[in-house]
Amino acid sequence: MKRPIAAIVGTGRGVPEGVMTNYDFAAIGIETSHDWIFERSGIVERRIARNGETTCSMAAEASHKAMERADVHPGQLDMIILSTATPDRLLPSTAVDLQAELGAGRAAAFDIGAACSGWLYGMTVAEGMITSGVAETILVVGSEKMSAIVDWKDRATCVLFGDGSGAAIVQRAKTGKGILSTFLRSDGKLADLLYRPAGGATNQFSQQVLDERTQFVRMAGREVFKHAVRSMSEAADRALDAARLTAEDIDLLIPHQANVRIIEATAKHSNISMDKVYVNVDRFGNTSSASIPIAIDEALERGRIKEGSTVLLVAFGAGFTWASMIIRF
Ligand code: ACO
């Protein structure tokens, strides 16, 4: 097993206070039911950004907490890597808005786009930056205002997603704890199974776009489900192989929180029993790239991750992209 080079030294989360339960969809004219949503996804409620909450403001809340726990001040940040599928503006990045908000004057800041896998992509980039000596202290944030890009007239997607942010401070590992292995993969041939058809530079905003609602997320749910299970299972295997570990060595599996059935299938494939799997999709829905850092922060707070715990992280998202990482805490 390799000696870790980079480690998480503090985490935080920033989730909106506004809770929307499965029962609240009726009030906005969505024909659905708690039973339909819960049976297919495991989701009971999600957080929805209101009153001016933005991708940047949620990221700032998560980042302040992570810096406080890591005992790091904004001036120490060499780099801010922000993963999002919901940037506040298309130009410039939300990472630079976060940099300004935090007052992290020395940091290089940029967004990363790998959808739900984005935070693990960002963590892998951070590990590389520390390994190469480019940076010593890096803030890696996943922040998503999914409520802004789902089609609130499409009941097959709008019920699945939620808003929130999670952050971690990454520094050089000093005590033998840290990132033990990483794995990243993408397959752009499958991009049209989960995407936003319009709003970019090619299919720009127009009356037609607004009429056809193509600026919002489109998802082939069943296809996504199949690929998610297959890819997350592969990612789990690859991270274990790379760290020369087996499922018995894993104290906690934290998968991307998209759907409890995808989570159960991934855990079963990896021979990890559900009591060793962290699940909060029931309370947050799918917060895309924020889901894993939010879950890590909660798991630390609740004692599910302890000193010395070996944690397997697995993600899958639009692209498709998939990724995994093993961290010893
Ligand atoms: N409430 C009630 N009925 C609904 C709803 C709803 N919210 N949404 C769809 N339906 C109806 C459909 O209209 C359809 O009705 P019909 O049979 O009369 O045509 C019926 O329910 C079945 O629809 P399906 O899409 O076939 O339902 P399925 O069992 O496949 O479940 C779901 C749909 C939950 C989307 C499932 O496919 C899934 O979980 N896919 C994975 C999606 C996901 O997790 N994506 C994110 C992962 S990647 C990432 O995080 C970016």
# chains A, B, ... in the order shown; residues from 1 in each chain; ligands from 1

call {"tool": "residues_around", "arguments": {"residues": "Ile138 of chain A", "least_positions_apart": "2", "cutoff": "8 Å", "atoms": "only C-alpha atoms", "output": "PyMOL selection string"}}
result
chain A and resi 77-81+126+135-136+140+169-171

call {"tool": "residues_near_ligand", "arguments": {"ligand": "ligand 1", "cutoff": "7 Å", "atoms": "only C-alpha atoms and all ligand atoms", "output": "short mmCIF file (atom, residue, chain, number, x, y, z; two decimals) with N, CA, C and O atoms, in the first residue's frame"}}
result
data_model
loop_
_atom_site.label_atom_id
_atom_site.label_comp_id
_atom_site.auth_asym_id
_atom_site.auth_seq_id
_atom_site.Cartn_x
_atom_site.Cartn_y
_atom_site.Cartn_z
N GLU A 31 -47.73 16.08 -10.36
CA GLU A 31 -48.51 14.86 -10.11
C GLU A 31 -47.56 13.73 -9.73
O GLU A 31 -46.95 13.08 -10.60
N THR A 32 -47.35 13.54 -8.45
CA THR A 32 -46.48 12.48 -7.98
C THR A 32 -46.95 12.08 -6.59
O THR A 32 -47.97 12.57 -6.11
N SER A 33 -46.22 11.16 -5.95
CA SER A 33 -46.60 10.78 -4.59
C SER A 33 -45.35 10.45 -3.79
O SER A 33 -44.30 10.11 -4.37
N TRP A 36 -44.27 6.84 -4.64
CA TRP A 36 -43.55 6.66 -5.92
C TRP A 36 -42.09 7.08 -5.76
O TRP A 36 -41.18 6.35 -6.13
N ILE A 37 -41.88 8.25 -5.20
CA ILE A 37 -40.51 8.78 -5.09
C ILE A 37 -39.68 7.90 -4.14
O ILE A 37 -38.56 7.51 -4.45
N ARG A 40 -38.77 4.30 -5.46
CA ARG A 40 -37.80 4.23 -6.56
C ARG A 40 -36.45 4.85 -6.23
O ARG A 40 -35.46 4.53 -6.86
N SER A 41 -36.41 5.76 -5.25
CA SER A 41 -35.15 6.48 -5.01
C SER A 41 -34.67 6.47 -3.56
O SER A 41 -33.51 6.74 -3.30
N ALA A 115 -19.68 16.83 -13.40
CA ALA A 115 -21.02 16.51 -12.86
C ALA A 115 -20.89 15.87 -11.47
O ALA A 115 -20.08 16.33 -10.66
N CYS A 116 -21.65 14.80 -11.23
CA CYS A 116 -21.71 14.25 -9.87
C CYS A 116 -20.38 13.69 -9.39
O CYS A 116 -20.17 13.54 -8.19
N ARG A 155 -41.75 15.65 -13.87
CA ARG A 155 -41.80 14.95 -12.58
C ARG A 155 -40.77 13.82 -12.47
O ARG A 155 -40.43 13.38 -11.39
N ALA A 156 -40.27 13.33 -13.63
CA ALA A 156 -39.32 12.23 -13.58
C ALA A 156 -37.93 12.69 -13.12
O ALA A 156 -37.12 11.86 -12.71
N THR A 157 -37.65 13.98 -13.20
CA THR A 157 -36.33 14.45 -12.74
C THR A 157 -36.41 15.38 -11.52
O THR A 157 -35.58 15.29 -10.62
N VAL A 159 -38.05 15.57 -8.91
CA VAL A 159 -38.22 15.00 -7.57
C VAL A 159 -36.91 14.41 -7.01
O VAL A 159 -36.84 14.08 -5.82
N GLY A 221 -33.71 8.04 -17.42
CA GLY A 221 -33.54 7.49 -16.07
C GLY A 221 -33.11 6.04 -16.01
O GLY A 221 -32.18 5.69 -15.29
N ARG A 222 -33.78 5.18 -16.80
CA ARG A 222 -33.45 3.74 -16.72
C ARG A 222 -32.05 3.45 -17.21
O ARG A 222 -31.34 2.61 -16.64
N VAL A 224 -29.54 5.58 -17.26
CA VAL A 224 -28.60 6.14 -16.28
C VAL A 224 -28.45 5.16 -15.11
O VAL A 224 -27.34 4.89 -14.65
N PHE A 225 -29.54 4.60 -14.68
CA PHE A 225 -29.53 3.65 -13.56
C PHE A 225 -28.58 2.50 -13.86
O PHE A 225 -27.70 2.16 -13.05
N ALA A 228 -24.98 3.60 -14.00
CA ALA A 228 -24.50 4.02 -12.67
C ALA A 228 -24.07 2.80 -11.86
O ALA A 228 -22.99 2.79 -11.25
N ALA A 258 -27.35 9.29 -5.14
CA ALA A 258 -28.32 9.58 -6.21
C ALA A 258 -29.62 8.85 -5.94
O ALA A 258 -30.70 9.41 -6.13
N ASN A 259 -29.48 7.61 -5.48
CA ASN A 259 -30.64 6.74 -5.43
C ASN A 259 -30.27 5.55 -4.55
O ASN A 259 -29.24 4.92 -4.77
N ASN A 286 -30.47 14.03 -4.45
CA ASN A 286 -29.21 13.99 -5.19
C ASN A 286 -28.66 15.42 -5.30
O ASN A 286 -29.20 16.24 -6.03
N SER A 288 -25.73 16.10 -6.49
CA SER A 288 -24.66 16.02 -7.49
C SER A 288 -23.29 16.01 -6.81
O SER A 288 -23.08 15.22 -5.89
N PHE A 316 -20.61 8.66 -9.60
CA PHE A 316 -21.00 8.50 -11.00
C PHE A 316 -21.83 9.71 -11.40
O PHE A 316 -22.64 10.20 -10.60
N GLY A 317 -21.64 10.21 -12.62
CA GLY A 317 -22.44 11.37 -13.02
C GLY A 317 -22.50 11.58 -14.51
O GLY A 317 -21.97 10.78 -15.29
N ALA A 318 -23.15 12.68 -14.90
CA ALA A 318 -23.32 13.01 -16.31
C ALA A 318 -21.96 13.05 -16.99
O ALA A 318 -20.95 13.39 -16.40
#

call {"tool": "select_by_dssp", "arguments": {"residues": "segment 104-314 of chain A", "states": "alpha helix (DSSP H)", "output": "ChimeraX atom specification"}}
result
/A:118-132,155-158,207-212,221-243,260-269,281-284,291-301

call {"tool": "atom_distance", "arguments": {"atom1": "atom CA of Gly52 of chain A", "atom2": "atom CA of Lys65 of chain A"}}
result
20.3 Å

call {"tool": "select_by_dssp", "arguments": {"residues": "segment 68-304 of chain A", "states": "strand (DSSP E)", "output": "PyMOL selection string"}}
result
chain A and resi 79-83+108-112+137-145+163-172+178-186+194-195+218-219+252-255

call {"tool": "residues_around", "arguments": {"residues": "Ser233 of chain A", "least_positions_apart": "2", "cutoff": "8 Å", "atoms": "only C-alpha atoms", "output": "PyMOL selection string"}}
result
chain A and resi 229-231+235-237+266-267+269-270

call {"tool": "closest_residue", "arguments": {"among": "A:Thr214, A:Gln204, A:Ser324, A:Thr182", "to": "Lys153 of chain A", "atoms": "only C-alpha atoms"}}
result
A:Thr214

call {"tool": "residues_around", "arguments": {"residues": "segment 320-322 of chain A", "least_positions_apart": "3", "cutoff": "9 Å", "atoms": "only C-alpha atoms", "output": "VMD selection string"}}
result
chain A and resid 114 to 118 120 to 121 183 to 191 193 to 194 224 227 to 228 231 to 232 235 314 to 317

call {"tool": "write_last_selection", "arguments": {"atoms": "N, CA, C and O atoms", "output": "compact mmCIF listing (two decimals), in the first residue's frame"}}
result
# COMPACT_ATOMS: atom_id res chain seq x y z
N ALA A 114 -17.31 17.90 -13.90
CA ALA A 114 -17.39 16.45 -14.10
C ALA A 114 -18.69 15.94 -13.46
O ALA A 114 -18.76 14.81 -13.00
N ALA A 115 -19.68 16.83 -13.40
CA ALA A 115 -21.02 16.51 -12.86
C ALA A 115 -20.89 15.87 -11.47
O ALA A 115 -20.08 16.33 -10.66
N CYS A 116 -21.65 14.80 -11.23
CA CYS A 116 -21.71 14.25 -9.87
C CYS A 116 -20.38 13.69 -9.39
O CYS A 116 -20.17 13.54 -8.19
N SER A 117 -19.48 13.35 -10.33
CA SER A 117 -18.17 12.83 -9.93
C SER A 117 -17.18 13.96 -9.65
O SER A 117 -16.02 13.71 -9.29
N GLY A 118 -17.62 15.21 -9.83
CA GLY A 118 -16.70 16.34 -9.86
C GLY A 118 -15.87 16.54 -8.61
O GLY A 118 -14.71 16.95 -8.70
N LEU A 120 -14.73 14.27 -6.55
CA LEU A 120 -13.62 13.29 -6.55
C LEU A 120 -12.60 13.66 -7.63
O LEU A 120 -11.40 13.46 -7.43
N TYR A 121 -13.07 14.18 -8.77
CA TYR A 121 -12.11 14.68 -9.77
C TYR A 121 -11.27 15.81 -9.15
O TYR A 121 -10.06 15.85 -9.30
N PHE A 183 -9.20 6.70 -8.71
CA PHE A 183 -9.54 6.14 -10.03
C PHE A 183 -10.51 7.11 -10.70
O PHE A 183 -11.49 7.55 -10.07
N LEU A 184 -10.25 7.45 -11.96
CA LEU A 184 -11.12 8.36 -12.72
C LEU A 184 -11.42 7.75 -14.08
O LEU A 184 -10.53 7.18 -14.70
N ARG A 185 -12.64 7.91 -14.56
CA ARG A 185 -12.98 7.44 -15.91
C ARG A 185 -14.13 8.28 -16.47
O ARG A 185 -14.95 8.81 -15.71
N SER A 186 -14.19 8.38 -17.80
CA SER A 186 -15.29 9.10 -18.48
C SER A 186 -15.66 8.36 -19.75
O SER A 186 -14.84 7.63 -20.31
N ASP A 187 -16.88 8.57 -20.23
CA ASP A 187 -17.30 8.05 -21.53
C ASP A 187 -18.27 9.04 -22.17
O ASP A 187 -19.48 9.00 -21.95
N GLY A 188 -17.69 9.92 -23.00
CA GLY A 188 -18.47 10.99 -23.62
C GLY A 188 -19.46 10.51 -24.67
O GLY A 188 -20.35 11.28 -25.08
N LYS A 189 -19.34 9.26 -25.11
CA LYS A 189 -20.30 8.75 -26.09
C LYS A 189 -21.70 8.69 -25.49
O LYS A 189 -22.69 8.61 -26.19
N LEU A 190 -21.76 8.67 -24.18
CA LEU A 190 -23.05 8.51 -23.49
C LEU A 190 -23.59 9.84 -22.95
O LEU A 190 -24.52 9.86 -22.15
N ALA A 191 -23.01 10.94 -23.43
CA ALA A 191 -23.34 12.25 -22.86
C ALA A 191 -24.83 12.57 -22.94
O ALA A 191 -25.40 13.18 -22.03
N LEU A 193 -27.40 10.93 -22.50
CA LEU A 193 -28.33 10.24 -21.59
C LEU A 193 -28.65 11.09 -20.36
O LEU A 193 -29.61 10.82 -19.64
N LEU A 194 -27.82 12.10 -20.12
CA LEU A 194 -28.04 12.99 -18.97
C LEU A 194 -27.36 14.31 -19.28
O LEU A 194 -26.13 14.41 -19.22
N VAL A 224 -29.54 5.58 -17.26
CA VAL A 224 -28.60 6.14 -16.28
C VAL A 224 -28.45 5.16 -15.11
O VAL A 224 -27.34 4.89 -14.65
N HIS A 227 -26.12 2.19 -16.10
CA HIS A 227 -24.71 2.60 -16.20
C HIS A 227 -24.15 2.98 -14.83
O HIS A 227 -22.98 2.72 -14.55
N ALA A 228 -24.98 3.60 -14.00
CA ALA A 228 -24.50 4.02 -12.67
C ALA A 228 -24.07 2.80 -11.86
O ALA A 228 -22.99 2.79 -11.25
N SER A 231 -20.84 1.25 -13.47
CA SER A 231 -19.64 2.08 -13.37
C SER A 231 -19.19 2.26 -11.92
O SER A 231 -17.99 2.26 -11.63
N MET A 232 -20.15 2.40 -11.01
CA MET A 232 -19.76 2.57 -9.61
C MET A 232 -19.16 1.27 -9.07
O MET A 232 -18.23 1.30 -8.26
N ALA A 235 -15.68 1.19 -10.39
CA ALA A 235 -14.85 2.18 -9.68
C ALA A 235 -14.45 1.67 -8.30
O ALA A 235 -13.30 1.84 -7.87
N VAL A 314 -17.18 6.54 -3.85
CA VAL A 314 -17.46 6.13 -5.24
C VAL A 314 -18.51 7.07 -5.83
O VAL A 314 -19.55 7.32 -5.20
N ALA A 315 -18.26 7.55 -7.06
CA ALA A 315 -19.21 8.50 -7.67
C ALA A 315 -19.48 8.16 -9.12
O ALA A 315 -18.68 7.49 -9.79
N PHE A 316 -20.61 8.66 -9.60
CA PHE A 316 -21.00 8.50 -11.00
C PHE A 316 -21.83 9.71 -11.40
O PHE A 316 -22.64 10.20 -10.60
N GLY A 317 -21.64 10.21 -12.62
CA GLY A 317 -22.44 11.37 -13.02
C GLY A 317 -22.50 11.58 -14.51
O GLY A 317 -21.97 10.78 -15.29

call {"tool": "residues_around", "arguments": {"residues": "segment 87-91 of chain A", "least_positions_apart": "5", "cutoff": "9 Å", "atoms": "only C-alpha atoms", "output": "PyMOL selection string"}}
result
chain A and resi 54-56+97+111+143-145+200

call {"tool": "residues_around", "arguments": {"residues": "Gly10 of chain A", "least_positions_apart": "6", "cutoff": "9 Å", "atoms": "only C-alpha atoms", "output": "list of chain:residue names"}}
result
A:Lys65, A:Ala66, A:Met67, A:Glu68, A:Arg69, A:Ala70, A:Asp71, A:Val72, A:Ala167, A:Ala168, A:Ile169, A:Val170, A:Asp297

call {"tool": "write_last_selection", "arguments": {"atoms": "N, CA, C and O atoms", "output": "compact mmCIF listing (two decimals), in the first residue's frame"}}
result
# COMPACT_ATOMS: atom_id res chain seq x y z
N LYS A 65 -16.51 26.53 7.37
CA LYS A 65 -16.48 25.47 8.39
C LYS A 65 -15.26 24.57 8.20
O LYS A 65 -14.60 24.17 9.17
N ALA A 66 -14.97 24.23 6.93
CA ALA A 66 -13.82 23.34 6.67
C ALA A 66 -12.52 24.02 7.11
O ALA A 66 -11.65 23.39 7.73
N MET A 67 -12.39 25.33 6.82
CA MET A 67 -11.17 26.06 7.20
C MET A 67 -11.04 26.15 8.72
O MET A 67 -9.95 26.01 9.28
N GLU A 68 -12.19 26.37 9.36
CA GLU A 68 -12.16 26.46 10.83
C GLU A 68 -11.68 25.14 11.44
O GLU A 68 -10.81 25.12 12.31
N ARG A 69 -12.24 24.03 10.93
CA ARG A 69 -11.84 22.72 11.49
C ARG A 69 -10.39 22.39 11.18
O ARG A 69 -9.72 21.68 11.93
N ALA A 70 -9.91 22.89 10.03
CA ALA A 70 -8.51 22.60 9.65
C ALA A 70 -7.56 23.62 10.27
O ALA A 70 -6.34 23.49 10.11
N ASP A 71 -8.12 24.64 10.93
CA ASP A 71 -7.31 25.73 11.48
C ASP A 71 -6.47 26.40 10.39
O ASP A 71 -5.27 26.60 10.53
N VAL A 72 -7.14 26.68 9.29
CA VAL A 72 -6.50 27.32 8.14
C VAL A 72 -7.23 28.63 7.90
O VAL A 72 -8.45 28.69 7.99
N ALA A 167 -17.28 20.76 1.55
CA ALA A 167 -15.92 21.24 1.28
C ALA A 167 -14.90 20.48 2.12
O ALA A 167 -15.21 19.98 3.20
N ALA A 168 -13.68 20.43 1.60
CA ALA A 168 -12.57 19.84 2.37
C ALA A 168 -11.31 20.66 2.13
O ALA A 168 -11.11 21.21 1.04
N ILE A 169 -10.49 20.73 3.17
CA ILE A 169 -9.14 21.31 3.04
C ILE A 169 -8.17 20.14 2.90
O ILE A 169 -8.20 19.20 3.70
N VAL A 170 -7.34 20.22 1.85
CA VAL A 170 -6.37 19.16 1.57
C VAL A 170 -4.96 19.72 1.74
O VAL A 170 -4.65 20.80 1.21
N ASP A 297 -18.67 14.90 5.78
CA ASP A 297 -18.74 15.83 6.91
C ASP A 297 -19.72 15.32 7.97
O ASP A 297 -19.43 15.34 9.17

call {"tool": "closest_residue", "arguments": {"among": "A:Thr202, A:Asn51, A:Thr246, A:Thr287", "to": "Val15 of chain A", "atoms": "only C-alpha atoms"}}
result
A:Thr287

call {"tool": "residues_around", "arguments": {"residues": "Ala243 of chain A", "least_positions_apart": "5", "cutoff": "9 Å", "atoms": "only C-alpha atoms", "output": "JSON, numbers by chain"}}
result
{"A": [1, 2, 180, 181, 182, 238, 326]}
